[in-house]
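Below is one structure, written out as structure tokens; the observations come after it.
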Amino acid sequence: MSVALLFLPQSYISKRIMTRPKALIKNDPLFKYLIVNESDFLWGLSIHSVGHQQIKPYSAYPQTNHPSRYLFSTKKGRILDEYQLLYITRGSGKFISQQGKQYSIQEGNMFLLFPGEWHNYMPNAAHGWDEYWIGFKGTNIDNRVKNGFFSPQKPIFEVNIREEIVQLYKQAIKIAAEQKSGFQQMLAGIVNHLLGLAYSLDKQALFEDSQLNDQINKAKIIMINSLGEKISPQTIAKDLNMGYSWFRKMFKEHTGFSPSQYILALRIQKVKEMLTNSNLTIKEIFFEMGLENEAYFFAAFKNKTAMTPKKYREFTQGRSSSNW
């Protein structure tokens, strides 16, 4: 059975209800129409569609029992005014982007549609597919796209078949159907969770079951165990038999930090712990951490915590300190 829950303007709802037979209105399990109000938009993320459908082999696609704003022809494609995150749990197909690039879609893939971007997608006729989707818009997702977390140039996410993701979509469908107070905010939380999983699981897929994953983890262990010593990312790359440029690129892909940024972040965290839990002077702490350029680290610490080491100690220990 196909299930879809769509959020449409009140004028559309009224027109739709007036033109449909009463029996169909009462028993129709396929669609429910919900309204997004101003406060929902102010939340930063509003949900406009959510659903699930099973496309059997050699059946029509897309199905025709959707409102016209969501219908599209696989011969012409479509442009939406919202984002949609789709998850394929059975079957396979293809996705074509506005740039004309064609992607193979397999079960366990998620793909993101962008507002204002032409797109086309369809299951393989011989197999069909099962799809979940949720549509949304707002400043939260706009900012993530602006900052490079999501891009039309990379619409596909390798997440595999995961019960957690299916349950999130089913929960969203249930919440949208019940329409309890604050349901839009609950749906926004689910969308944020789904986006986080799409982003993180896809990144993890690059490193799973690979020697590269082991090498990155070894590098992180070396950094943790060498905080009090003079260490350079170039030396670590050499110890791992990796070229530095490749090591730096892969390390940043894996952690979000360059190797030198990661070492600095580890040292700041360790200094914060020592400022809070020891009676060592700040100079002694810096010496213990093997910090040669104290002025640089001092500036980095203040930039990260918005406090000097002295102020941080006073704040976390609840007392004034004369150590600097």
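Chain labels A, B, ... are given in the sequence in which chains occur in the structure tokens; within each chain residues are numbered consecutively from 1, and ligands are likewise numbered from 1 in the order shown.
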For A:Asn213, please output as a count of residues only all residues within 10 Å (counting only C-alpha atoms; exclusion window: fewer than 6 positions along the same chain). 7
DSSP strand (DSSP E or B) residues within stretch 103-228 of chain A, as a PyMOL selection string: chain A and resi 103-106+109-113+119-123+129-137+151+154+156-158
Assign secondary structure with DSSP using the backbone only, and return the residues of stretch 120-265 of chain A in alpha helix (DSSP H) as an MDAnalysis selection string. chainID A and resid 139:146 163:178 183:205 211:225 233:239 244:255 259:265
Contacts of stretch 80-90 of chain A at 8 Å or less, counting only C-alpha atoms, minus same-chain residues fewer than 2 places along, as an mmCIF file with all heavy atoms, in the first residue's frame?
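Listed below is the output, result_25.cif:
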```
data_model
loop_
_atom_site.group_PDB
_atom_site.id
_atom_site.type_symbol
_atom_site.label_atom_id
_atom_site.label_comp_id
_atom_site.auth_asym_id
_atom_site.auth_seq_id
_atom_site.Cartn_x
_atom_site.Cartn_y
_atom_site.Cartn_z
ATOM 1 N N HIS A 48 6.933 19.569 4.316
ATOM 2 C CA HIS A 48 5.856 19.751 3.349
ATOM 3 C C HIS A 48 5.364 18.453 2.733
ATOM 4 O O HIS A 48 4.286 18.428 2.155
ATOM 5 C CB HIS A 48 6.313 20.710 2.248
ATOM 6 C CG HIS A 48 6.574 22.087 2.758
ATOM 7 N ND1 HIS A 48 5.738 23.144 2.533
ATOM 8 C CD2 HIS A 48 7.586 22.579 3.536
ATOM 9 C CE1 HIS A 48 6.205 24.226 3.125
ATOM 10 N NE2 HIS A 48 7.338 23.902 3.732
ATOM 11 N N ARG A 69 1.254 19.349 -8.046
ATOM 12 C CA ARG A 69 2.539 20.010 -7.779
ATOM 13 C C ARG A 69 3.647 19.003 -7.520
ATOM 14 O O ARG A 69 4.835 19.333 -7.573
ATOM 15 C CB ARG A 69 2.417 20.980 -6.605
ATOM 16 C CG ARG A 69 2.129 20.320 -5.273
ATOM 17 C CD ARG A 69 2.032 21.323 -4.143
ATOM 18 N NE ARG A 69 3.326 21.898 -3.834
ATOM 19 C CZ ARG A 69 3.628 22.376 -2.627
ATOM 20 N NH1 ARG A 69 2.734 22.363 -1.666
ATOM 21 N NH2 ARG A 69 4.807 22.878 -2.407
ATOM 22 N N TYR A 70 3.294 17.741 -7.200
ATOM 23 C CA TYR A 70 4.289 16.714 -6.938
ATOM 24 C C TYR A 70 4.434 15.716 -8.084
ATOM 25 O O TYR A 70 5.343 14.898 -8.081
ATOM 26 C CB TYR A 70 3.949 15.959 -5.643
ATOM 27 C CG TYR A 70 4.163 16.804 -4.411
ATOM 28 C CD1 TYR A 70 3.115 17.495 -3.822
ATOM 29 C CD2 TYR A 70 5.426 16.938 -3.851
ATOM 30 C CE1 TYR A 70 3.309 18.287 -2.699
ATOM 31 C CE2 TYR A 70 5.643 17.721 -2.731
ATOM 32 C CZ TYR A 70 4.580 18.396 -2.160
ATOM 33 O OH TYR A 70 4.783 19.188 -1.061
ATOM 34 N N ARG A 78 11.310 17.108 -13.571
ATOM 35 C CA ARG A 78 10.516 17.960 -12.690
ATOM 36 C C ARG A 78 11.404 18.937 -11.950
ATOM 37 O O ARG A 78 12.592 18.698 -11.745
ATOM 38 C CB ARG A 78 9.767 17.063 -11.688
ATOM 39 C CG ARG A 78 8.949 17.799 -10.659
ATOM 40 C CD ARG A 78 8.286 16.823 -9.688
ATOM 41 N NE ARG A 78 9.255 16.050 -8.930
ATOM 42 C CZ ARG A 78 8.944 15.217 -7.941
ATOM 43 N NH1 ARG A 78 7.667 15.044 -7.624
ATOM 44 N NH2 ARG A 78 9.877 14.556 -7.294
ATOM 45 N N SER A 92 16.146 -1.001 -7.716
ATOM 46 C CA SER A 92 17.197 -0.136 -8.244
ATOM 47 C C SER A 92 16.602 0.755 -9.321
ATOM 48 O O SER A 92 15.463 0.561 -9.754
ATOM 49 C CB SER A 92 18.345 -0.972 -8.829
ATOM 50 O OG SER A 92 17.865 -1.783 -9.902
ATOM 51 N N ILE A 105 21.031 4.203 -8.992
ATOM 52 C CA ILE A 105 20.465 4.145 -7.646
ATOM 53 C C ILE A 105 20.259 2.690 -7.261
ATOM 54 O O ILE A 105 19.620 1.927 -7.996
ATOM 55 C CB ILE A 105 19.120 4.904 -7.574
ATOM 56 C CG1 ILE A 105 19.304 6.363 -7.998
ATOM 57 C CG2 ILE A 105 18.529 4.813 -6.168
ATOM 58 C CD1 ILE A 105 20.193 7.164 -7.083
ATOM 59 N N GLN A 106 20.789 2.311 -6.106
ATOM 60 C CA GLN A 106 20.653 0.953 -5.603
ATOM 61 C C GLN A 106 19.936 0.976 -4.261
ATOM 62 O O GLN A 106 19.862 2.017 -3.607
ATOM 63 C CB GLN A 106 22.036 0.309 -5.433
ATOM 64 C CG GLN A 106 22.910 0.335 -6.678
ATOM 65 C CD GLN A 106 22.344 -0.499 -7.810
ATOM 66 O OE1 GLN A 106 21.690 -1.517 -7.565
ATOM 67 N NE2 GLN A 106 22.588 -0.076 -9.049
ATOM 68 N N GLU A 107 19.400 -0.168 -3.846
ATOM 69 C CA GLU A 107 18.806 -0.223 -2.516
ATOM 70 C C GLU A 107 19.883 0.094 -1.477
ATOM 71 O O GLU A 107 21.037 -0.309 -1.613
ATOM 72 C CB GLU A 107 18.180 -1.583 -2.252
ATOM 73 C CG GLU A 107 19.116 -2.766 -2.293
ATOM 74 C CD GLU A 107 18.390 -4.079 -2.065
ATOM 75 O OE1 GLU A 107 17.283 -4.275 -2.611
ATOM 76 O OE2 GLU A 107 18.945 -4.915 -1.317
ATOM 77 N N GLY A 108 19.491 0.878 -0.497
ATOM 78 C CA GLY A 108 20.466 1.355 0.476
ATOM 79 C C GLY A 108 21.005 2.728 0.143
ATOM 80 O O GLY A 108 21.842 3.259 0.873
ATOM 81 N N ASN A 109 20.532 3.319 -0.958
ATOM 82 C CA ASN A 109 20.922 4.687 -1.326
ATOM 83 C C ASN A 109 19.871 5.685 -0.842
ATOM 84 O O ASN A 109 18.678 5.406 -0.864
ATOM 85 C CB ASN A 109 21.045 4.843 -2.837
ATOM 86 C CG ASN A 109 22.306 4.228 -3.417
ATOM 87 O OD1 ASN A 109 22.429 4.119 -4.620
ATOM 88 N ND2 ASN A 109 23.245 3.812 -2.582
ATOM 89 N N MET A 110 20.346 6.854 -0.414
ATOM 90 C CA MET A 110 19.492 8.014 -0.232
ATOM 91 C C MET A 110 19.912 9.035 -1.280
ATOM 92 O O MET A 110 21.082 9.066 -1.677
ATOM 93 C CB MET A 110 19.639 8.616 1.171
ATOM 94 C CG MET A 110 19.278 7.676 2.302
ATOM 95 S SD MET A 110 19.491 8.419 3.952
ATOM 96 C CE MET A 110 17.890 9.199 4.155
ATOM 97 N N PHE A 111 18.964 9.845 -1.755
ATOM 98 C CA PHE A 111 19.358 10.947 -2.634
ATOM 99 C C PHE A 111 18.520 12.171 -2.330
ATOM 100 O O PHE A 111 17.362 12.074 -1.914
ATOM 101 C CB PHE A 111 19.326 10.566 -4.109
ATOM 102 C CG PHE A 111 18.021 10.069 -4.660
ATOM 103 C CD1 PHE A 111 17.189 10.898 -5.392
ATOM 104 C CD2 PHE A 111 17.637 8.751 -4.479
ATOM 105 C CE1 PHE A 111 16.010 10.433 -5.938
ATOM 106 C CE2 PHE A 111 16.445 8.268 -5.022
ATOM 107 C CZ PHE A 111 15.623 9.114 -5.752
ATOM 108 N N LEU A 112 19.160 13.331 -2.494
ATOM 109 C CA LEU A 112 18.580 14.604 -2.093
ATOM 110 C C LEU A 112 18.225 15.426 -3.325
ATOM 111 O O LEU A 112 19.056 15.638 -4.205
ATOM 112 C CB LEU A 112 19.579 15.377 -1.218
ATOM 113 C CG LEU A 112 19.110 16.700 -0.615
ATOM 114 C CD1 LEU A 112 17.908 16.500 0.293
ATOM 115 C CD2 LEU A 112 20.260 17.355 0.160
ATOM 116 N N LEU A 113 16.983 15.875 -3.373
ATOM 117 C CA LEU A 113 16.514 16.785 -4.411
ATOM 118 C C LEU A 113 16.583 18.211 -3.883
ATOM 119 O O LEU A 113 16.282 18.451 -2.715
ATOM 120 C CB LEU A 113 15.079 16.455 -4.811
ATOM 121 C CG LEU A 113 14.775 14.991 -5.159
ATOM 122 C CD1 LEU A 113 13.300 14.824 -5.499
ATOM 123 C CD2 LEU A 113 15.656 14.517 -6.313
ATOM 124 N N PHE A 114 16.947 19.151 -4.747
ATOM 125 C CA PHE A 114 17.130 20.538 -4.343
ATOM 126 C C PHE A 114 16.068 21.415 -5.001
ATOM 127 O O PHE A 114 15.722 21.210 -6.172
ATOM 128 C CB PHE A 114 18.522 21.028 -4.741
ATOM 129 C CG PHE A 114 19.637 20.365 -3.981
ATOM 130 C CD1 PHE A 114 20.073 19.091 -4.322
ATOM 131 C CD2 PHE A 114 20.238 21.012 -2.910
ATOM 132 C CE1 PHE A 114 21.087 18.476 -3.614
ATOM 133 C CE2 PHE A 114 21.261 20.411 -2.197
ATOM 134 C CZ PHE A 114 21.684 19.141 -2.546
ATOM 135 N N PRO A 115 15.550 22.414 -4.275
ATOM 136 C CA PRO A 115 14.543 23.305 -4.866
ATOM 137 C C PRO A 115 15.119 24.086 -6.042
ATOM 138 O O PRO A 115 16.270 24.533 -6.002
ATOM 139 C CB PRO A 115 14.162 24.232 -3.713
ATOM 140 C CG PRO A 115 15.326 24.178 -2.774
ATOM 141 C CD PRO A 115 15.877 22.797 -2.888
ATOM 142 N N GLY A 116 14.308 24.229 -7.085
ATOM 143 C CA GLY A 116 14.750 24.973 -8.257
ATOM 144 C C GLY A 116 15.682 24.209 -9.162
ATOM 145 O O GLY A 116 16.109 24.736 -10.190
ATOM 146 N N GLU A 117 16.012 22.957 -8.826
ATOM 147 C CA GLU A 117 16.919 22.137 -9.630
ATOM 148 C C GLU A 117 16.107 21.094 -10.397
ATOM 149 O O GLU A 117 15.416 20.268 -9.795
ATOM 150 C CB GLU A 117 17.943 21.422 -8.731
ATOM 151 C CG GLU A 117 19.005 22.321 -8.144
ATOM 152 C CD GLU A 117 20.181 22.501 -9.085
ATOM 153 O OE1 GLU A 117 20.454 21.595 -9.892
ATOM 154 O OE2 GLU A 117 20.827 23.558 -9.007
ATOM 155 N N TRP A 118 16.210 21.135 -11.729
ATOM 156 C CA TRP A 118 15.565 20.092 -12.518
ATOM 157 C C TRP A 118 16.154 18.736 -12.156
ATOM 158 O O TRP A 118 17.355 18.600 -11.886
ATOM 159 C CB TRP A 118 15.779 20.362 -14.009
ATOM 160 C CG TRP A 118 15.143 19.309 -14.889
ATOM 161 C CD1 TRP A 118 13.890 19.317 -15.412
ATOM 162 C CD2 TRP A 118 15.762 18.092 -15.338
ATOM 163 N NE1 TRP A 118 13.667 18.183 -16.153
ATOM 164 C CE2 TRP A 118 14.804 17.399 -16.124
ATOM 165 C CE3 TRP A 118 17.012 17.502 -15.143
ATOM 166 C CZ2 TRP A 118 15.071 16.176 -16.721
ATOM 167 C CZ3 TRP A 118 17.272 16.271 -15.731
ATOM 168 C CH2 TRP A 118 16.307 15.627 -16.514
ATOM 169 N N GLY A 128 11.162 -2.575 -10.209
ATOM 170 C CA GLY A 128 10.479 -1.608 -9.365
ATOM 171 C C GLY A 128 11.364 -1.225 -8.192
ATOM 172 O O GLY A 128 12.557 -1.535 -8.153
ATOM 173 N N TRP A 129 10.780 -0.518 -7.215
ATOM 174 C CA TRP A 129 11.523 -0.239 -5.980
ATOM 175 C C TRP A 129 10.559 0.196 -4.886
ATOM 176 O O TRP A 129 9.400 0.506 -5.141
ATOM 177 C CB TRP A 129 12.650 0.765 -6.188
ATOM 178 C CG TRP A 129 12.290 2.209 -6.493
ATOM 179 C CD1 TRP A 129 11.089 2.848 -6.271
ATOM 180 C CD2 TRP A 129 13.166 3.200 -7.050
ATOM 181 N NE1 TRP A 129 11.158 4.164 -6.655
ATOM 182 C CE2 TRP A 129 12.421 4.415 -7.138
ATOM 183 C CE3 TRP A 129 14.475 3.209 -7.462
ATOM 184 C CZ2 TRP A 129 12.968 5.592 -7.629
ATOM 185 C CZ3 TRP A 129 15.015 4.383 -7.948
ATOM 186 C CH2 TRP A 129 14.274 5.558 -8.039
ATOM 187 N N ASP A 130 11.064 0.208 -3.664
ATOM 188 C CA ASP A 130 10.346 0.762 -2.520
ATOM 189 C C ASP A 130 11.047 2.056 -2.140
ATOM 190 O O ASP A 130 12.277 2.067 -1.966
ATOM 191 C CB ASP A 130 10.368 -0.188 -1.320
ATOM 192 C CG ASP A 130 9.516 -1.434 -1.549
ATOM 193 O OD1 ASP A 130 8.883 -1.525 -2.618
ATOM 194 O OD2 ASP A 130 9.505 -2.302 -0.663
ATOM 195 N N GLU A 131 10.285 3.125 -2.018
ATOM 196 C CA GLU A 131 10.886 4.406 -1.693
ATOM 197 C C GLU A 131 10.175 5.068 -0.519
ATOM 198 O O GLU A 131 8.965 4.973 -0.362
ATOM 199 C CB GLU A 131 10.863 5.357 -2.900
ATOM 200 C CG GLU A 131 9.471 5.834 -3.296
ATOM 201 C CD GLU A 131 9.490 6.812 -4.463
ATOM 202 O OE1 GLU A 131 10.121 6.486 -5.497
ATOM 203 O OE2 GLU A 131 8.852 7.875 -4.349
ATOM 204 N N TYR A 132 10.965 5.705 0.326
ATOM 205 C CA TYR A 132 10.480 6.621 1.358
ATOM 206 C C TYR A 132 10.953 8.005 0.966
ATOM 207 O O TYR A 132 12.019 8.158 0.366
ATOM 208 C CB TYR A 132 11.046 6.263 2.731
ATOM 209 C CG TYR A 132 10.511 4.985 3.331
ATOM 210 C CD1 TYR A 132 11.101 3.753 3.049
ATOM 211 C CD2 TYR A 132 9.416 5.008 4.201
ATOM 212 C CE1 TYR A 132 10.614 2.575 3.605
ATOM 213 C CE2 TYR A 132 8.932 3.837 4.761
ATOM 214 C CZ TYR A 132 9.532 2.631 4.464
ATOM 215 O OH TYR A 132 9.037 1.479 5.006
ATOM 216 N N TRP A 133 10.181 9.023 1.312
ATOM 217 C CA TRP A 133 10.636 10.385 1.048
ATOM 218 C C TRP A 133 10.081 11.333 2.091
ATOM 219 O O TRP A 133 9.078 11.063 2.747
ATOM 220 C CB TRP A 133 10.228 10.854 -0.349
ATOM 221 C CG TRP A 133 8.786 11.252 -0.490
ATOM 222 C CD1 TRP A 133 8.236 12.482 -0.284
ATOM 223 C CD2 TRP A 133 7.698 10.397 -0.842
ATOM 224 N NE1 TRP A 133 6.882 12.466 -0.492
ATOM 225 C CE2 TRP A 133 6.529 11.178 -0.836
ATOM 226 C CE3 TRP A 133 7.606 9.041 -1.166
ATOM 227 C CZ2 TRP A 133 5.273 10.649 -1.140
ATOM 228 C CZ3 TRP A 133 6.365 8.521 -1.469
ATOM 229 C CH2 TRP A 133 5.214 9.320 -1.461
ATOM 230 N N ILE A 134 10.784 12.429 2.239
ATOM 231 C CA ILE A 134 10.297 13.509 3.092
ATOM 232 C C ILE A 134 10.744 14.828 2.461
ATOM 233 O O ILE A 134 11.887 14.957 2.023
ATOM 234 C CB ILE A 134 10.792 13.367 4.543
ATOM 235 C CG1 ILE A 134 10.055 14.333 5.463
ATOM 236 C CG2 ILE A 134 12.304 13.516 4.665
ATOM 237 C CD1 ILE A 134 10.131 13.951 6.944
ATOM 238 N N GLY A 135 9.826 15.776 2.353
ATOM 239 C CA GLY A 135 10.100 17.054 1.719
ATOM 240 C C GLY A 135 10.063 18.180 2.729
ATOM 241 O O GLY A 135 9.233 18.192 3.638
ATOM 242 N N PHE A 136 10.965 19.169 2.570
ATOM 243 C CA PHE A 136 11.128 20.194 3.598
ATOM 244 C C PHE A 136 11.787 21.427 2.998
ATOM 245 O O PHE A 136 12.351 21.394 1.909
ATOM 246 C CB PHE A 136 11.975 19.659 4.753
ATOM 247 C CG PHE A 136 13.215 18.939 4.295
ATOM 248 C CD1 PHE A 136 14.421 19.609 4.150
ATOM 249 C CD2 PHE A 136 13.181 17.587 3.978
ATOM 250 C CE1 PHE A 136 15.565 18.956 3.718
ATOM 251 C CE2 PHE A 136 14.310 16.920 3.533
ATOM 252 C CZ PHE A 136 15.510 17.605 3.400
ATOM 253 N N LYS A 137 11.732 22.522 3.731
ATOM 254 C CA LYS A 137 12.443 23.734 3.355
ATOM 255 C C LYS A 137 12.694 24.561 4.604
ATOM 256 O O LYS A 137 12.076 24.330 5.650
ATOM 257 C CB LYS A 137 11.650 24.552 2.327
ATOM 258 C CG LYS A 137 10.296 25.035 2.801
ATOM 259 C CD LYS A 137 9.612 25.954 1.784
ATOM 260 C CE LYS A 137 9.204 25.253 0.537
ATOM 261 N NZ LYS A 137 8.426 26.125 -0.385
ATOM 262 N N ILE A 161 21.117 -0.551 3.939
ATOM 263 C CA ILE A 161 19.789 -0.801 4.489
ATOM 264 C C ILE A 161 19.885 -0.761 6.010
ATOM 265 O O ILE A 161 20.591 -1.568 6.614
ATOM 266 C CB ILE A 161 19.240 -2.163 4.033
ATOM 267 C CG1 ILE A 161 19.162 -2.213 2.514
ATOM 268 C CG2 ILE A 161 17.860 -2.418 4.649
ATOM 269 C CD1 ILE A 161 18.218 -1.183 1.909
#
```
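Going from atom CA of A:Asn225 over to atom CA of A:Tyr262, you cover 13.1 Å.
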Atom CA of A:Tyr61 to atom CA of A:Met122, distance in Å rounded to a single decimal: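 That distance, rounded to one decimal, is 7.1 Å.
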With only C-alpha atoms as the atoms that count, which of A:Ser245, A:Gln185, A:Thr235, A:Asn277 lies nearest to A:Ile47?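 Answer, going by the shortest atom-to-atom distance: A:Gln185.
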Would you pick out the contacts of A:Ser104 at 9 Å or less, using only C-alpha atoms, so that residues sharing its chain but fewer than 2 positions from it are not included, and give the list as a ChimeraX atom specification? /A:92-96,102,106
Filtering to all heavy atoms, could you give me those residues as a tab-separated table (two decimals), in the first residue's frame?
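Result saved to out-v4.tsv:
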```tsv
chain	number	residue	atom	x	y	z
A	92	SER	N	16.15	-1.00	-7.72
A	92	SER	CA	17.20	-0.14	-8.24
A	92	SER	C	16.60	0.75	-9.32
A	92	SER	O	15.46	0.56	-9.75
A	92	SER	CB	18.34	-0.97	-8.83
A	92	SER	OG	17.87	-1.78	-9.90
A	93	GLY	N	17.37	1.75	-9.74
A	93	GLY	CA	16.90	2.67	-10.76
A	93	GLY	C	17.97	3.66	-11.13
A	93	GLY	O	19.17	3.37	-11.00
A	94	LYS	N	17.56	4.84	-11.57
A	94	LYS	CA	18.53	5.85	-11.94
A	94	LYS	C	18.03	7.24	-11.56
A	94	LYS	O	16.83	7.46	-11.40
A	94	LYS	CB	18.83	5.80	-13.44
A	94	LYS	CG	17.65	6.08	-14.35
A	94	LYS	CD	18.05	5.96	-15.81
A	94	LYS	CE	16.87	6.20	-16.75
A	94	LYS	NZ	17.25	6.08	-18.18
A	95	PHE	N	18.98	8.15	-11.41
A	95	PHE	CA	18.70	9.54	-11.09
A	95	PHE	C	19.48	10.40	-12.06
A	95	PHE	O	20.66	10.15	-12.31
A	95	PHE	CB	19.10	9.86	-9.64
A	95	PHE	CG	19.05	11.32	-9.29
A	95	PHE	CD1	17.85	11.92	-8.96
A	95	PHE	CD2	20.20	12.10	-9.31
A	95	PHE	CE1	17.79	13.26	-8.64
A	95	PHE	CE2	20.16	13.44	-8.99
A	95	PHE	CZ	18.94	14.02	-8.65
A	96	ILE	N	18.83	11.42	-12.61
A	96	ILE	CA	19.49	12.33	-13.56
A	96	ILE	C	19.41	13.74	-13.00
A	96	ILE	O	18.33	14.22	-12.63
A	96	ILE	CB	18.81	12.28	-14.94
A	96	ILE	CG1	18.77	10.84	-15.45
A	96	ILE	CG2	19.57	13.17	-15.93
A	96	ILE	CD1	17.94	10.66	-16.70
A	102	GLN	N	24.06	11.24	-14.90
A	102	GLN	CA	23.18	10.12	-14.54
A	102	GLN	C	23.83	9.27	-13.46
A	102	GLN	O	25.00	8.89	-13.58
A	102	GLN	CB	22.86	9.27	-15.77
A	102	GLN	CG	21.89	8.12	-15.48
A	102	GLN	CD	21.39	7.46	-16.75
A	102	GLN	OE1	20.87	8.12	-17.64
A	102	GLN	NE2	21.55	6.15	-16.83
A	106	GLN	N	20.79	2.31	-6.11
A	106	GLN	CA	20.65	0.95	-5.60
A	106	GLN	C	19.94	0.98	-4.26
A	106	GLN	O	19.86	2.02	-3.61
A	106	GLN	CB	22.04	0.31	-5.43
A	106	GLN	CG	22.91	0.33	-6.68
A	106	GLN	CD	22.34	-0.50	-7.81
A	106	GLN	OE1	21.69	-1.52	-7.57
A	106	GLN	NE2	22.59	-0.08	-9.05
```
Quick one: residues within 10 Å of A:Lys302, only C-alpha atoms, excluding same-chain residues fewer than 4 positions away - as a count of residues only? 9
Just give me the gap between atom CA of A:Asn192 and atom CA of A:Ala265 in Å, one decimal is fine. 26.3 Å
